[in-house]
Amino acid sequence: MTVTGWLLDSYPQKDGMVFWIRRQDGSAVKLKDKSWAGSIYVAADASDDLNAVLHDGEISQHILKHQFLRRQEKLTDQAESIVLKLTLGDFTKMPSIARHIERLGGGFGRLRLYNVDLLPAQSYFYEHGVFPLAYCEVRAGNTGLEWNLMDDVWSTNYVMPDFRTINLDVRIKKDAGTLPKFSDKLVSVVIRNGSETYEIACSSEADIFAGLELEVARIDPDFIFTDGGDSFLFPYLISRAEQSGVGLSLSRDRSMPLVRPAKEGTSYFSYGRIHFKPSAIRLHGRVHLDTQNSFIWGEADLEGLYEVARVCRMPLHTASRASIGKCMSSLQFYHATKNGILIPWKPVAAEHFKTYQELLVADRGGFIFEPEIGVHEEIAEFDFASLYANMMVKKNLSAETVGCSCCPDSKERVPELGYNICEKKLGIVPKSLKILVDKRELYKRLRKTSDSRLRDIYDARQGSLKWILVTSFGYLGFNNAKFGRIDAHIAVCAFDRHIFLQTSKIAEKLGFRVLHGIVDSLWIQKRDATSEDYADLKRTVERETGFEISFEGVYKWIAFVHSRQSSKVPVANRYFGVFEDGTIKIRGIEARRHDTPELFAKFQMQALRIMAEGNTASEVQALMPKVRDLYDKYAKMLTERRIPMGELAFTKQISKDTYQHQDRKTVENNALGRLASEGRPLKAGQVVRYIISDYGRARKAVPIELVEEKTAYDPARYIELLARTCNSVTEPFGYTLDPDPAQTRLA
C-alpha cells in the first residue's frame, strides 16, 4: 500500500512506530513501521565491561539484538570509539534498564549511557530523515516503511492542508463561588466547529460521553483545542467517565482511550524563574493543543507551531508544549545523530580550568552601556539582527570548538581571552542554528508581500524561529544542556563586548554620542543628523564588524527611567518612547508586563498615545492635563465600580508551593489560601490570578475562579495603583499624581 499526504502524528507502540498520514481528501491513514525498535548505547573503557552488560540476565531478557559499532562518544572527542548498541523489545523499559546498567558499572563513568531519554518518535525522525508535516509518499511493506519525501525542511513556500479543528469545553454543575471538582456532575460538553456550536446534553453522563465520541468521529478533526485541557478539562472528563463505568476515546485510534497521567505536572527552574508544566494529555491520530500549555501557540499561532515542529523534528503534540530549550536541543540531537555523535544521558562536559584572574576577565557577561536617566530627543536606535545567534554561526562557537585540542595554533581567537577556536570542523551549535538564522531572514524578506494572508503566515513563522534564536545563547551555558559548555557561553559574551565597543567607537568617530546599549541594541544621538549620516554609520559598522545592523528609526523623544529604589540608578531594560512616525515602543513598564491587570495596561497605553502627540519634551509636558483627565475618568469608573472583574485581575507566577507561601500576610498569600481551602493548592511555577477585595489590615483577595456576582473589589487600592501606573510614564516629564485622586503636584 502506498499513501501520499502530510505526516500528522507519530507515536511508539510495543511492536513498532505508528504514523498517521493526513491525505488531501481530508481522510487520515494509519501506518506502522514494525522494523523499528528503540535503542540505547553503552560505552566503557574496557571491552570486558561491555560484555558483562550483554551477559547480565536482567538486561539480556529485554534485548532484541545488539551490535558493536563505531561512534563519536563525546562531542569533544577527536575520534570514534567502539560502543555497544542495545535494541530493546519494549521502549518503555529504557530508563529502568539504563539505571540498572549504571549500577552494574559500580563507579562513576565506568559504564556511560547514551540516547536513553530521547522521545522514540524523534529518534525515528533523526534516523530516517523525516519530519512532522512533511508532504510525503509512504510505501508500507510487510514489516517496514519506505519514505519518499516530496518536501524539504528548508522550504519556505510549503503549503498545509485545510486541517479540521474544533474547540472543546464542558459545563459543570457546581455551587456558586466554588471551584469545579472531579466530583461535580457533568452537565454538557460544548463543541465549537468554526461558526457552529454543538452542545451535547443527556440525562446521564454515560450518554454524554457516547454522544461526544460520535460527534468527534463525525467531524473527524485533526486538531482538538482546549483551554486547560492538560490541567483540568481532560482529567475531569476521564474521572467522570470512570465514575460512569465507561471508557472515553477521542483519538482516531479508537483502541487508545484517554488516560489520566501518573502525576499532575512538574515544577522546573528556567531563566531565574520557577515554572510549572502540567502533564500532557495526548491523543493518537489527532493533535490535542492546550492553549494554556503552549508557548509557541501563544506567540506564533498554528503557523509558528508548524514551522517549529518541522525544523526541530518534533511531533506536533510535543512541539506545542515544549520549552524553547527543548526545541533547540532537538535540532542539535538531529545533527548529532546525522554525524554519528552519541547523545549523553547525563551531560558531564566540564568547564576548562581558570585562575581567579582569568575568571575576572572571562565571567563578565555581555556589554551594557548604562542609559542616561531622563527624556532625550532625536535619538536613533540601531539593532543587530539576531546578534548572538549570528556570532555563534559566523565565529563557529560551540562546546567542542572553543578551546579545542586539534587547533591550538588557530588564528581564530576569542577577544580578550585568547581561547582558540576550531578551524577544522563546524560545531554542532552553529550547524543547528544555521537553518534558524537563514530561514528567519528569508521569512522577513517574504513578509514584505502585498498579500496580507501570506504576510501573516511568514510573520508567524519567523516569529517562532526568533524565540529559539533568542534563547540559544542562554542554553549554551545551561548546566543540563546535552551539548552546552560554559566556555562557549563566555566566548559569545566576549565577542559581544568586542563588537559593542567597536560599534560605539565607530559611532563616536562619526560624531554620534552613545546614550544606551544593551544586548544587541544601541541608542545614539547627533544633533541635526541626516538620513545619510545614519546610512553611513550602518555601512561602516557592517563593514568593520562583519555583522548586519538595522536602523530602527529616530525617536521624537525617549525616556530612560530610574530604579524604583533609587532615583540615581538607571534601569537598562525599562524605557518608553515615540518614533517620528508615531510608533510607540515600550519595554519594562506596566503595559508590557504579563502580571499587570488589563485595566492598568489599557490606561497606560491610552496615556502614552496622548503623550505621543507631543514632538518634544516640552510639548509632552503641555499635554499633562489631558493625561490627568484620562486618569480622573478611570478613577471615577473604579469608584463607581463600573470596571469588569476580569480587567482587575493580577497575575502572579508563584515561586513556591502554596503551603510554603504562608509566612507573610499578603493579598497573594490570601488568594493562595482560599484556593487551597477549595481543594486546589498550587505548585511552584503555577499561576494565581486574583482580585484585591480589601487591602486594609486584612489583605484579602479573591481568586478569579471564585469571583461571583456579589464579589466586590477595593476601589481605593486600585485607584492608588492607577496613580502609580500613571506616574511611571509621566514622572520623567516632571509630573506626578498623588495616590489621592483629588490631588496632583509637580515633581
# chains A, B, ... in the order shown; residues from 1 in each chain; ligands from 1

$ residues_around --residues "segment 226-231 of chain A" --least-positions-apart "4" --cutoff "6 Å" --atoms "only C-alpha atoms" --output "PyMOL selection string"
chain A and resi 167-168+278+280-281+290-292

$ write_last_selection --atoms "N, CA and C atoms" --output "CSV table (one decimal), in the first residue's frame"
chain,number,residue,atom,x,y,z
A,167,ASN,N,-13.0,23.2,19.0
A,167,ASN,CA,-12.7,23.6,20.4
A,167,ASN,C,-13.6,22.9,21.3
A,168,LEU,N,-13.1,22.4,22.4
A,168,LEU,CA,-13.8,21.5,23.3
A,168,LEU,C,-13.9,22.2,24.7
A,278,PRO,N,1.9,21.3,33.4
A,278,PRO,CA,1.0,20.1,33.7
A,278,PRO,C,1.4,19.0,32.8
A,280,ALA,N,1.0,16.2,30.1
A,280,ALA,CA,0.2,16.4,28.8
A,280,ALA,C,-0.8,15.2,28.7
A,281,ILE,N,-2.0,15.5,28.2
A,281,ILE,CA,-3.0,14.5,27.8
A,281,ILE,C,-2.9,14.4,26.3
A,290,ASP,N,-3.5,22.4,24.0
A,290,ASP,CA,-4.0,23.1,25.2
A,290,ASP,C,-3.4,24.5,25.1
A,291,THR,N,-4.3,25.5,24.8
A,291,THR,CA,-3.8,26.9,24.6
A,291,THR,C,-3.2,27.4,25.9
A,292,GLN,N,-3.5,26.9,27.1
A,292,GLN,CA,-2.9,27.3,28.3
A,292,GLN,C,-1.5,26.7,28.5

$ select_by_dssp --residues "segment 529-685 of chain A" --states "strand (DSSP E)" --output "ChimeraX atom specification"
/A:549-562,570-579,584-587,650-653

$ write_last_selection --atoms "N, CA and C atoms" --output "JSON list (two decimals), in the first residue's frame"
[["chain", "number", "residue", "atom", "x", "y", "z"],
["A", 549, "ILE", "N", 23.46, 45.23, 10.82],
["A", 549, "ILE", "CA", 22.79, 46.06, 11.82],
["A", 549, "ILE", "C", 21.68, 46.84, 11.12],
["A", 550, "SER", "N", 20.55, 46.96, 11.78],
["A", 550, "SER", "CA", 19.41, 47.64, 11.16],
["A", 550, "SER", "C", 19.16, 48.98, 11.84],
["A", 551, "PHE", "N", 18.79, 49.96, 11.03],
["A", 551, "PHE", "CA", 18.42, 51.28, 11.53],
["A", 551, "PHE", "C", 16.92, 51.25, 11.84],
["A", 552, "GLU", "N", 16.58, 51.26, 13.14],
["A", 552, "GLU", "CA", 15.18, 51.12, 13.54],
["A", 552, "GLU", "C", 14.40, 52.42, 13.39],
["A", 553, "GLY", "N", 15.09, 53.56, 13.40],
["A", 553, "GLY", "CA", 14.40, 54.84, 13.26],
["A", 553, "GLY", "C", 14.88, 55.84, 14.29],
["A", 554, "VAL", "N", 14.28, 57.03, 14.21],
["A", 554, "VAL", "CA", 14.62, 58.12, 15.12],
["A", 554, "VAL", "C", 13.42, 58.40, 16.02],
["A", 555, "TYR", "N", 13.69, 58.49, 17.31],
["A", 555, "TYR", "CA", 12.64, 58.82, 18.27],
["A", 555, "TYR", "C", 12.43, 60.34, 18.32],
["A", 556, "LYS", "N", 11.17, 60.76, 18.36],
["A", 556, "LYS", "CA", 10.89, 62.16, 18.69],
["A", 556, "LYS", "C", 11.40, 62.42, 20.11],
["A", 557, "TRP", "N", 11.09, 61.46, 20.97],
["A", 557, "TRP", "CA", 11.60, 61.51, 22.35],
["A", 557, "TRP", "C", 11.58, 60.10, 22.93],
["A", 558, "ILE", "N", 12.47, 59.87, 23.85],
["A", 558, "ILE", "CA", 12.52, 58.58, 24.54],
["A", 558, "ILE", "C", 12.91, 58.85, 26.00],
["A", 559, "ALA", "N", 12.29, 58.09, 26.91],
["A", 559, "ALA", "CA", 12.56, 58.26, 28.34],
["A", 559, "ALA", "C", 13.24, 57.02, 28.89],
["A", 560, "PHE", "N", 14.43, 57.20, 29.45],
["A", 560, "PHE", "CA", 15.11, 56.14, 30.19],
["A", 560, "PHE", "C", 14.87, 56.41, 31.67],
["A", 561, "VAL", "N", 14.30, 55.43, 32.35],
["A", 561, "VAL", "CA", 13.83, 55.68, 33.72],
["A", 561, "VAL", "C", 14.79, 55.11, 34.76],
["A", 562, "HIS", "N", 14.59, 55.57, 35.99],
["A", 562, "HIS", "CA", 15.45, 55.12, 37.09],
["A", 562, "HIS", "C", 14.79, 53.99, 37.87],
["A", 570, "PRO", "N", 20.00, 53.88, 37.02],
["A", 570, "PRO", "CA", 19.21, 53.62, 35.81],
["A", 570, "PRO", "C", 18.83, 52.14, 35.69],
["A", 571, "VAL", "N", 17.80, 51.88, 34.92],
["A", 571, "VAL", "CA", 17.37, 50.50, 34.64],
["A", 571, "VAL", "C", 17.56, 50.26, 33.15],
["A", 572, "ALA", "N", 18.39, 49.30, 32.81],
["A", 572, "ALA", "CA", 18.78, 49.10, 31.41],
["A", 572, "ALA", "C", 17.63, 48.68, 30.51],
["A", 573, "ASN", "N", 16.70, 47.89, 31.05],
["A", 573, "ASN", "CA", 15.64, 47.33, 30.20],
["A", 573, "ASN", "C", 14.26, 47.92, 30.49],
["A", 574, "ARG", "N", 14.23, 49.17, 30.95],
["A", 574, "ARG", "CA", 12.95, 49.84, 31.18],
["A", 574, "ARG", "C", 12.99, 51.21, 30.52],
["A", 575, "TYR", "N", 12.21, 51.39, 29.45],
["A", 575, "TYR", "CA", 12.17, 52.66, 28.74],
["A", 575, "TYR", "C", 10.91, 52.72, 27.89],
["A", 576, "PHE", "N", 10.58, 53.92, 27.42],
["A", 576, "PHE", "CA", 9.45, 54.09, 26.50],
["A", 576, "PHE", "C", 9.72, 55.33, 25.65],
["A", 577, "GLY", "N", 9.23, 55.29, 24.43],
["A", 577, "GLY", "CA", 9.47, 56.41, 23.53],
["A", 577, "GLY", "C", 8.57, 56.35, 22.32],
["A", 578, "VAL", "N", 8.65, 57.41, 21.49],
["A", 578, "VAL", "CA", 7.81, 57.53, 20.29],
["A", 578, "VAL", "C", 8.70, 57.86, 19.10],
["A", 579, "PHE", "N", 8.62, 57.02, 18.07],
["A", 579, "PHE", "CA", 9.37, 57.28, 16.84],
["A", 579, "PHE", "C", 8.74, 58.44, 16.07],
["A", 584, "ILE", "N", 4.83, 53.80, 19.00],
["A", 584, "ILE", "CA", 5.24, 53.79, 20.41],
["A", 584, "ILE", "C", 6.02, 52.51, 20.69],
["A", 585, "LYS", "N", 7.14, 52.63, 21.38],
["A", 585, "LYS", "CA", 7.90, 51.45, 21.79],
["A", 585, "LYS", "C", 8.07, 51.48, 23.30],
["A", 586, "ILE", "N", 7.74, 50.36, 23.96],
["A", 586, "ILE", "CA", 7.84, 50.29, 25.42],
["A", 586, "ILE", "C", 8.57, 49.02, 25.82],
["A", 587, "ARG", "N", 9.32, 49.10, 26.90],
["A", 587, "ARG", "CA", 9.97, 47.93, 27.49],
["A", 587, "ARG", "C", 9.97, 48.10, 29.02],
["A", 650, "PHE", "N", -4.87, 40.53, 38.95],
["A", 650, "PHE", "CA", -3.42, 40.43, 38.97],
["A", 650, "PHE", "C", -3.03, 39.00, 38.64],
["A", 651, "THR", "N", -1.92, 38.84, 37.95],
["A", 651, "THR", "CA", -1.43, 37.51, 37.57],
["A", 651, "THR", "C", -0.05, 37.31, 38.16],
["A", 652, "LYS", "N", 0.10, 36.32, 39.02],
["A", 652, "LYS", "CA", 1.38, 36.07, 39.68],
["A", 652, "LYS", "C", 1.79, 34.61, 39.49],
["A", 653, "GLN", "N", 3.02, 34.42, 39.08],
["A", 653, "GLN", "CA", 3.59, 33.08, 38.98],
["A", 653, "GLN", "C", 4.33, 32.81, 40.28]]

$ closest_atom_pairs --of "segment 468-570 of chain A" --to "segment 384-406 of chain A" --cutoff "7 Å" --atoms "only C-alpha atoms" --output "tab-separated table"
residue	atom	partner	partner_atom	distance
A:Leu469	CA	A:Ala389	CA	6.0
A:Ser472	CA	A:Ala389	CA	6.9
A:Phe473	CA	A:Tyr388	CA	6.4
A:Phe483	CA	A:Ala399	CA	6.5
A:Gly484	CA	A:Ala399	CA	5.7
A:Arg485	CA	A:Ala399	CA	5.1
A:Asp487	CA	A:Val402	CA	6.9
A:Ala488	CA	A:Ala399	CA	5.5
A:Val492	CA	A:Tyr388	CA	6.8
A:Asp520	CA	A:Phe384	CA	5.2
A:Ser521	CA	A:Phe384	CA	6.4
A:Glu548	CA	A:Phe384	CA	6.0
A:Ile549	CA	A:Phe384	CA	4.2
A:Ser550	CA	A:Phe384	CA	6.1

$ residues_around --residues "Asp49 of chain A" --least-positions-apart "5" --cutoff "8 Å" --atoms "only C-alpha atoms" --output "number ranges by chain"
A: 44, 105, 111

$ write_last_selection --atoms "N, CA and C atoms" --output "compact mmCIF listing (two decimals), in the first residue's frame"
# COMPACT_ATOMS: atom_id res chain seq x y z
N ALA A 44 32.34 2.09 27.37
CA ALA A 44 33.21 1.77 28.51
C ALA A 44 34.66 1.80 28.04
N GLY A 105 27.83 -0.84 36.56
CA GLY A 105 29.18 -0.31 36.38
C GLY A 105 29.90 -0.06 37.68
N LEU A 111 30.61 2.75 33.16
CA LEU A 111 29.69 2.47 32.05
C LEU A 111 28.93 3.75 31.75

$ closest_residue --among "A:Leu145, A:Leu289, A:Leu75, A:Leu316" --to "Asn339 of chain A" --atoms "only C-alpha atoms"
A:Leu75

$ closest_residue --among "A:Ala716, A:Gly374, A:His335, A:Glu127" --to "Leu426 of chain A" --atoms "only C-alpha atoms"
A:His335

$ select_by_dssp --residues "segment 495-740 of chain A" --states "alpha helix (DSSP H)" --output "number ranges by chain"
A: 495-509, 531-545, 598-611, 617-622, 624-639, 667-677, 715-730

$ atom_distance --atom1 "atom CA of Asp456 of chain A" --atom2 "atom CA of Phe382 of chain A"
25.0 Å

$ closest_residue --among "A:Ser249, A:Asn193, A:Thr449, A:Ser279" --to "Ala217 of chain A" --atoms "only C-alpha atoms"
A:Ser249

$ closest_atom_pairs --of "segment 634-677 of chain A" --to "segment 692-713 of chain A" --cutoff "6 Å" --atoms "only C-alpha atoms" --output "CSV"
residue,atom,partner,partner_atom,distance
A:Thr666,CA,A:Arg699,CA,5.6
A:Val667,CA,A:Arg699,CA,4.9
A:Asn670,CA,A:Lys700,CA,5.8
A:Ala671,CA,A:Ala701,CA,5.2

$ closest_atom_pairs --of "segment 635-702 of chain A" --to "segment 590-603 of chain A" --cutoff "12 Å" --atoms "only C-alpha atoms" --output "tab-separated table"
residue	atom	partner	partner_atom	distance
A:Ala635	CA	A:Phe603	CA	10.5
A:Met637	CA	A:Leu599	CA	10.8
A:Leu638	CA	A:Leu599	CA	10.0
A:Arg642	CA	A:Leu599	CA	11.6
A:Ile643	CA	A:Leu599	CA	8.2
A:Pro644	CA	A:Leu599	CA	9.1
A:Met645	CA	A:Leu599	CA	9.7
A:Gly646	CA	A:Glu598	CA	7.8
A:Glu647	CA	A:Glu598	CA	4.7
A:Leu648	CA	A:Pro597	CA	5.1
A:Ala649	CA	A:Pro597	CA	5.2
A:Phe650	CA	A:Pro597	CA	5.1
A:Thr651	CA	A:Asp595	CA	4.5
A:Lys652	CA	A:Asp595	CA	6.0
A:Gln653	CA	A:Asp595	CA	8.4
A:Ile654	CA	A:Asp595	CA	11.5
A:Val687	CA	A:Asp595	CA	9.9
A:Val688	CA	A:Asp595	CA	10.1
A:Arg689	CA	A:Asp595	CA	8.9
A:Tyr690	CA	A:Pro597	CA	9.7
A:Ile691	CA	A:Pro597	CA	9.4
A:Ile692	CA	A:Pro597	CA	11.1

$ closest_residue --among "A:Asp632, A:Ala43, A:Met94, A:Gly285" --to "Phe19 of chain A" --atoms "only C-alpha atoms"
A:Gly285

$ atom_distance --atom1 "atom CA of Tyr419 of chain A" --atom2 "atom CA of Thr76 of chain A"
15.4 Å
